[in-house]
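**Student:** Dropping in input02.pdb, with PDB, C-alpha atoms.
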```pdb
ATOM      1  CA  VAL A 325      -5.851  10.325  15.782
ATOM      2  CA  GLN A 326      -7.847  13.036  14.009
ATOM      3  CA  GLN A 327      -8.299  10.796  10.951
ATOM      4  CA  SER A 328     -10.036   8.341  13.269
ATOM      5  CA  GLY A 329     -12.384  11.021  14.594
ATOM      6  CA  GLY A 330     -10.460  11.561  17.806
ATOM      7  CA  ALA A 331      -8.485  14.377  19.372
ATOM      8  CA  VAL A 332      -5.132  15.088  21.004
ATOM      9  CA  LYS A 333      -4.741  17.072  24.234
ATOM     10  CA  VAL A 334      -1.308  18.395  25.168
ATOM     11  CA  ASP A 335      -0.375  19.743  28.587
ATOM     12  CA  SER A 336       3.172  21.075  28.853
ATOM     13  CA  VAL A 337       4.829  22.615  31.888
ATOM     14  CA  PRO A 338       8.386  23.971  31.490
ATOM     15  CA  GLY A 339      10.812  22.065  33.671
ATOM     16  CA  ARG A 340       8.228  19.390  34.540
ATOM     17  CA  GLY A 341       7.485  17.772  31.190
ATOM     18  CA  THR A 342       4.698  17.221  28.741
ATOM     19  CA  LYS A 343       1.616  15.064  28.993
ATOM     20  CA  MET A 344      -0.206  13.998  25.840
ATOM     21  CA  ILE A 345      -3.631  12.442  25.874
ATOM     22  CA  LEU A 346      -4.882  10.661  22.784
ATOM     23  CA  LEU A 347      -8.658  10.366  22.595
ATOM     24  CA  PHE A 348     -10.182   7.881  20.191
ATOM     25  CA  PRO A 349     -13.893   7.462  19.518
ATOM     26  CA  ARG A 350     -15.547   4.514  21.211
ATOM     27  CA  SER A 351     -16.613   1.726  18.907
ATOM     28  CA  ALA A 352     -20.155   0.423  19.053
ATOM     29  CA  ALA A 353     -18.943  -2.963  17.820
ATOM     30  CA  PRO A 354     -18.061  -5.607  20.400
ATOM     31  CA  ALA A 355     -14.372  -6.298  20.917
ATOM     32  CA  THR A 356     -13.088  -9.199  18.871
ATOM     33  CA  LYS A 357     -10.092 -11.432  19.286
ATOM     34  CA  PRO A 358      -7.583 -11.427  16.450
ATOM     35  CA  THR A 359      -8.139 -14.352  14.152
ATOM     36  CA  PRO A 360      -5.223 -16.748  13.855
ATOM     37  CA  PRO A 361      -3.660 -17.011  10.410
ATOM     38  CA  ILE A 362      -5.222 -19.610   8.181
ATOM     39  CA  VAL A 363      -2.731 -21.932   6.567
ATOM     40  CA  ASP A 364      -4.123 -24.103   3.859
ATOM     41  CA  SER A 365      -2.410 -26.263   1.298
ATOM     42  CA  ASP A 366      -3.430 -23.935  -1.539
ATOM     43  CA  SER A 367      -1.776 -20.841  -0.034
ATOM     44  CA  THR A 368       1.289 -22.861   0.955
ATOM     45  CA  ALA A 369       1.605 -24.217  -2.575
ATOM     46  CA  ARG A 370       1.190 -20.739  -4.079
ATOM     47  CA  ARG A 371       4.017 -19.400  -1.921
ATOM     48  CA  ARG A 372       6.444 -21.901  -3.367
ATOM     49  CA  GLU A 373       6.152 -20.472  -6.856
ATOM     50  CA  LEU A 374       6.892 -16.863  -7.784
ATOM     51  CA  ARG A 375       3.670 -14.915  -8.262
ATOM     52  CA  GLY A 376       5.194 -11.911 -10.026
ATOM     53  CA  THR A 377       7.321  -8.821  -9.609
ATOM     54  CA  VAL A 378       6.039  -5.780  -7.718
ATOM     55  CA  LEU A 379       7.578  -2.336  -8.046
ATOM     56  CA  VAL A 380       7.269  -0.853  -4.534
ATOM     57  CA  VAL A 381       7.369   2.947  -4.467
ATOM     58  CA  GLU A 382       7.935   4.047  -0.873
ATOM     59  CA  ASP A 383      10.163   6.815   0.486
ATOM     60  CA  ASP A 384      10.214   5.582   4.100
ATOM     61  CA  GLU A 385      12.994   3.001   4.459
ATOM     62  CA  LYS A 386      11.385   1.154   7.379
ATOM     63  CA  VAL A 387       7.997   0.902   5.663
ATOM     64  CA  ALA A 388       9.639  -0.213   2.408
ATOM     65  CA  SER A 389      11.559  -2.907   4.280
ATOM     66  CA  LEU A 390       8.397  -4.204   5.955
ATOM     67  CA  VAL A 391       6.440  -4.200   2.680
ATOM     68  CA  THR A 392       9.301  -5.988   0.928
ATOM     69  CA  GLU A 393       9.280  -8.648   3.645
ATOM     70  CA  MET A 394       5.504  -9.075   3.365
ATOM     71  CA  LEU A 395       5.666  -9.348  -0.416
ATOM     72  CA  GLY A 396       8.446 -11.919  -0.134
ATOM     73  CA  GLU A 397       6.260 -13.909   2.238
ATOM     74  CA  LEU A 398       3.522 -13.778  -0.418
ATOM     75  CA  ALA A 399       5.994 -15.049  -3.075
ATOM     76  CA  TYR A 400       6.488 -11.795  -4.986
ATOM     77  CA  ARG A 401       9.827 -10.501  -6.196
ATOM     78  CA  VAL A 402      10.329  -6.831  -5.300
ATOM     79  CA  THR A 403      11.927  -3.941  -7.114
ATOM     80  CA  ARG A 404      12.135  -0.806  -4.978
ATOM     81  CA  ALA A 405      11.965   2.887  -5.829
ATOM     82  CA  ALA A 406      12.094   5.672  -3.232
ATOM     83  CA  SER A 407      10.268   8.257  -5.366
ATOM     84  CA  ALA A 408       7.881   8.581  -8.278
ATOM     85  CA  GLU A 409      10.737   9.708 -10.477
ATOM     86  CA  GLU A 410      12.776   6.591  -9.604
ATOM     87  CA  ALA A 411       9.751   4.415 -10.341
ATOM     88  CA  LEU A 412       9.310   5.947 -13.792
ATOM     89  CA  GLY A 413      13.015   5.379 -14.417
ATOM     90  CA  ALA A 414      12.673   1.721 -13.454
ATOM     91  CA  LEU A 415       9.732   1.321 -15.818
ATOM     92  CA  ALA A 416      11.526   3.208 -18.603
ATOM     93  CA  ASP A 417      14.384   0.715 -18.675
ATOM     94  CA  ASP A 418      11.862  -2.074 -19.367
ATOM     95  CA  ARG A 419      12.317  -3.956 -16.103
ATOM     96  CA  ALA A 420       9.925  -6.854 -15.742
ATOM     97  CA  VAL A 421       7.193  -5.490 -13.464
ATOM     98  CA  ASP A 422       3.770  -7.060 -13.040
ATOM     99  CA  LEU A 423       2.273  -4.467 -10.685
ATOM    100  CA  VAL A 424       3.144  -1.087  -9.149
ATOM    101  CA  PHE A 425       2.429  -0.663  -5.406
ATOM    102  CA  SER A 426       2.893   2.966  -4.403
ATOM    103  CA  ASP A 427       2.370   5.155  -1.375
ATOM    104  CA  VAL A 428       0.166   8.173  -2.143
ATOM    105  CA  MET A 429       2.150  10.668  -0.053
ATOM    106  CA  MET A 430       5.724  11.104  -1.256
ATOM    107  CA  PRO A 431       8.258  13.899  -1.379
ATOM    108  CA  GLY A 432       9.068  15.434  -4.725
ATOM    109  CA  ALA A 433       7.106  16.821  -7.625
ATOM    110  CA  MET A 434       4.819  13.797  -8.003
ATOM    111  CA  ASN A 435       2.674  11.998  -5.463
ATOM    112  CA  GLY A 436       1.369   8.445  -5.887
ATOM    113  CA  ILE A 437      -1.754   9.569  -7.756
ATOM    114  CA  ASP A 438       0.336  11.603 -10.208
ATOM    115  CA  LEU A 439       2.592   8.578 -10.644
ATOM    116  CA  ALA A 440      -0.400   6.323 -11.326
ATOM    117  CA  ARG A 441      -1.677   8.749 -13.986
ATOM    118  CA  GLU A 442       1.703   8.813 -15.698
ATOM    119  CA  ILE A 443       2.049   5.018 -15.585
ATOM    120  CA  ARG A 444      -1.445   4.672 -17.088
ATOM    121  CA  ARG A 445      -0.385   7.020 -19.885
ATOM    122  CA  ARG A 446       2.801   5.057 -20.588
ATOM    123  CA  ARG A 447       1.575   1.527 -19.812
ATOM    124  CA  PRO A 448      -2.229   1.505 -19.930
ATOM    125  CA  HIS A 449      -2.541  -2.134 -18.816
ATOM    126  CA  MET A 450      -0.142  -1.975 -15.859
ATOM    127  CA  PRO A 451      -1.972  -2.790 -12.600
ATOM    128  CA  ILE A 452      -1.456  -0.135  -9.934
ATOM    129  CA  LEU A 453      -2.306  -0.348  -6.244
ATOM    130  CA  LEU A 454      -1.948   2.739  -4.070
ATOM    131  CA  THR A 455      -1.678   2.852  -0.289
ATOM    132  CA  SER A 456      -2.018   5.604   2.280
ATOM    133  CA  GLY A 457      -2.783   6.224   5.910
ATOM    134  CA  TYR A 458      -4.345   9.591   5.098
ATOM    135  CA  TRP A 459      -8.038   9.573   4.257
ATOM    136  CA  GLY A 460      -9.144  12.765   2.624
ATOM    137  CA  ALA A 461      -8.943  14.543  -0.698
ATOM    138  CA  ALA A 462      -6.378  12.091  -2.072
ATOM    139  CA  PHE A 463      -8.789   9.171  -1.633
ATOM    140  CA  SER A 464     -11.633  11.050  -3.294
ATOM    141  CA  GLU A 465      -9.319  11.897  -6.165
ATOM    142  CA  ALA A 466      -8.095   8.303  -6.499
ATOM    143  CA  ALA A 467     -11.644   6.918  -6.341
ATOM    144  CA  SER A 468     -12.851   9.352  -9.006
ATOM    145  CA  GLU A 469     -10.195   7.925 -11.337
ATOM    146  CA  ASN A 470     -10.900   4.257 -10.485
ATOM    147  CA  MET A 471      -7.600   3.814  -8.675
ATOM    148  CA  ASN A 472      -7.461   1.113  -6.007
ATOM    149  CA  VAL A 473      -6.216   2.270  -2.606
ATOM    150  CA  LEU A 474      -5.269   0.014   0.295
ATOM    151  CA  ARG A 475      -5.643   1.818   3.615
ATOM    152  CA  LYS A 476      -2.712   1.785   6.048
ATOM    153  CA  PRO A 477      -2.140   0.080   8.318
ATOM    154  CA  TYR A 478      -2.944  -3.208   6.631
ATOM    155  CA  GLU A 479      -2.311  -6.837   7.405
ATOM    156  CA  ILE A 480      -0.632  -9.279   5.066
ATOM    157  CA  ARG A 481      -4.002 -10.866   4.177
ATOM    158  CA  ALA A 482      -5.415  -7.515   3.069
ATOM    159  CA  LEU A 483      -2.290  -6.870   1.004
ATOM    160  CA  ASP A 484      -2.557 -10.325  -0.564
ATOM    161  CA  SER A 485      -6.224  -9.783  -1.438
ATOM    162  CA  ALA A 486      -5.628  -6.319  -2.898
ATOM    163  CA  LEU A 487      -2.707  -7.516  -5.026
ATOM    164  CA  SER A 488      -4.628 -10.581  -6.219
ATOM    165  CA  ALA A 489      -7.612  -8.417  -7.151
ATOM    166  CA  ALA A 490      -5.443  -5.953  -9.090
ATOM    167  CA  LEU A 491      -3.693  -8.744 -10.973
ATOM    168  CA  ALA A 492      -6.983 -10.585 -11.631
ATOM    169  CA  HIS A 493      -8.459  -7.377 -13.052
ATOM    170  CA  LEU A 494      -5.542  -7.221 -15.484
ATOM    171  CA  ARG A 495      -6.028 -10.855 -16.546
ATOM    172  CA  ARG A 496      -9.724 -10.202 -17.254
ATOM    173  CA  ARG A 497      -8.757  -7.321 -19.558
ATOM    174  CA  GLU A 498      -6.274  -9.437 -21.547
TER
END
```
Please re-express this file's structure in structure tokens.
**Tutor:**
Amino acid sequence: VQQSGGAVKVDSVPGRGTKMILLFPRSAAPATKPTPPIVDSDSTARRRELRGTVLVVEDDEKVASLVTEMLGELAYRVTRAASAEEALGALADDRAVDLVFSDVMMPGAMNGIDLAREIRRRRPHMPILLTSGYWGAAFSEAASENMNVLRKPYEIRALDSALSAALAHLRRRE
């Protein structure tokens, strides 16, 4: 709520319960209806063939499961790591990975930005896409190092676009 510029008010009375009020800033933009998914023959054809393998680095099991499902829907094969250390282990054993998709905030000695730095050191041409729901110092740090960050929550189209852009950037460098 605070990341969105809002506030939280809590009123608690012992024996009676707790009331929480979430206050979000009003948007000046008019309300819009969600756009229905666009299905075209090109995207349908692309989903039939494997687009690559993504190493997903996510410590939250539910989030990792959802991301894996989304990536499967987009025709990516997924390898999963629950920590930065596990991800480096997966890359060290020469698994076929086309892109690393990592959460910024993770438990352990390394966060997603530290992981991205280490991957760049070991595999300079490996595309890396970071994701986080926390906007702050981590985003400034990632931006200063030209790291792409996809803001949570995201829809499957945004994920598809971000992955395609990261992979296209790699192809331009080759």
**Student:** Between A:Thr403, A:Leu390, A:Pro448, A:Gly413, which is the closest to Pro477 of chain A once you count all atoms listed in the file?
**Tutor:** A:Leu390
**Student:** Between atom CA of Val387 of chain A and atom CA of Val421 of chain A, what is the spacing in Å?
**Tutor:** 20.2 Å
**Student:** Here is a test: counting all atoms listed in the file, which residue of A:Leu483, A:Met434, A:Met429, A:Val380 is nearest to Ala462 of chain A?
**Tutor:** A:Met429
**Student:** As a PyMOL selection string, please: the residues near segment 334-336 of chain A (cut-off 10 Å, all atoms listed in the file, same-chain neighbours under 6 positions excluded).
**Tutor:** chain A and resi 342-346
**Student:** Quick one: apply the PyMOL selection byres ((chain A and resi 347) around 9) to the file and drop the selected residues here as a VMD selection string.
**Tutor:** chain A and resid 325 329 to 333 345 to 346 348 to 349
**Student:** What is the distance, in Å and to one decimal place, between atom CA of Ser456 of chain A and atom CA of Glu397 of chain A?
**Tutor:**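 Atom CA of Glu397 of chain A lies 21.2 Å from atom CA of Ser456 of chain A.
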**Student:** Name the residues that the PyMOL selection byres ((chain A and resi 396) around 12) pulls out of this structure, and write them as a PyMOL selection string.
**Tutor:** chain A and resi 371-378+380+389-395+397-403+480+483-484
**Student:** Quick one: of A:Ala408, A:Ala416, A:Leu487, A:Leu454, who's nearest to Asn435 of chain A, counting all atoms listed in the file?
**Tutor:**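 Going through A:Ala408, A:Ala416, A:Leu487, A:Leu454 one by one, the smallest distance to Asn435 of chain A is for A:Ala408.
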**Student:** Which is closer to Lys476 of chain A than all the others in A:Ala406, A:Ala492, A:Ile437, A:Val428, using all atoms listed in the file?
**Tutor:**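 When distances to Lys476 of chain A are compared using all atoms listed in the file, the smallest one comes from A:Val428.
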**Student:** Box for segment 388-395 of chain A - axis-aligned, 4 Å on each of the six sides, all listed atoms - centre and size in Å to one decimal, as lines of an AutoDock Vina configuration file.
**Tutor:**
```
center_x = 8.5
center_y = -4.8
center_z = 2.8
size_x = 14.1
size_y = 17.1
size_z = 14.4
```
**Student:** To one decimal in Å, tell me the separation between atom CA of Leu412 of chain A and atom CA of Ala440 of chain A.
**Tutor:** 10.0 Å
**Student:** Would you please work out which residue, of A:Ala490, A:His449, A:Asp438, A:Asp427, is nearest to Glu465 of chain A when using only C-alpha atoms?
**Tutor:**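 Among the listed residues, A:Asp438 lies closest to Glu465 of chain A.
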**Student:** Name the closest residue to Pro431 of chain A among the candidates A:Asp383, A:Ile443, A:Arg419, A:Leu453; distances are taken between atoms, counting all atoms listed in the file.
**Tutor:**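 For Pro431 of chain A, the nearest of the given residues is A:Asp383.
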**Student:** Leaving out Leu415 of chain A and any residue of its chain fewer than 6 positions from it, which residues lie within 12 Å of it when counting only C-alpha atoms, given as a ChimeraX atom specification?
**Tutor:** /A:378-381,403-405,408-409,421-424,439,442-444,446-447,450
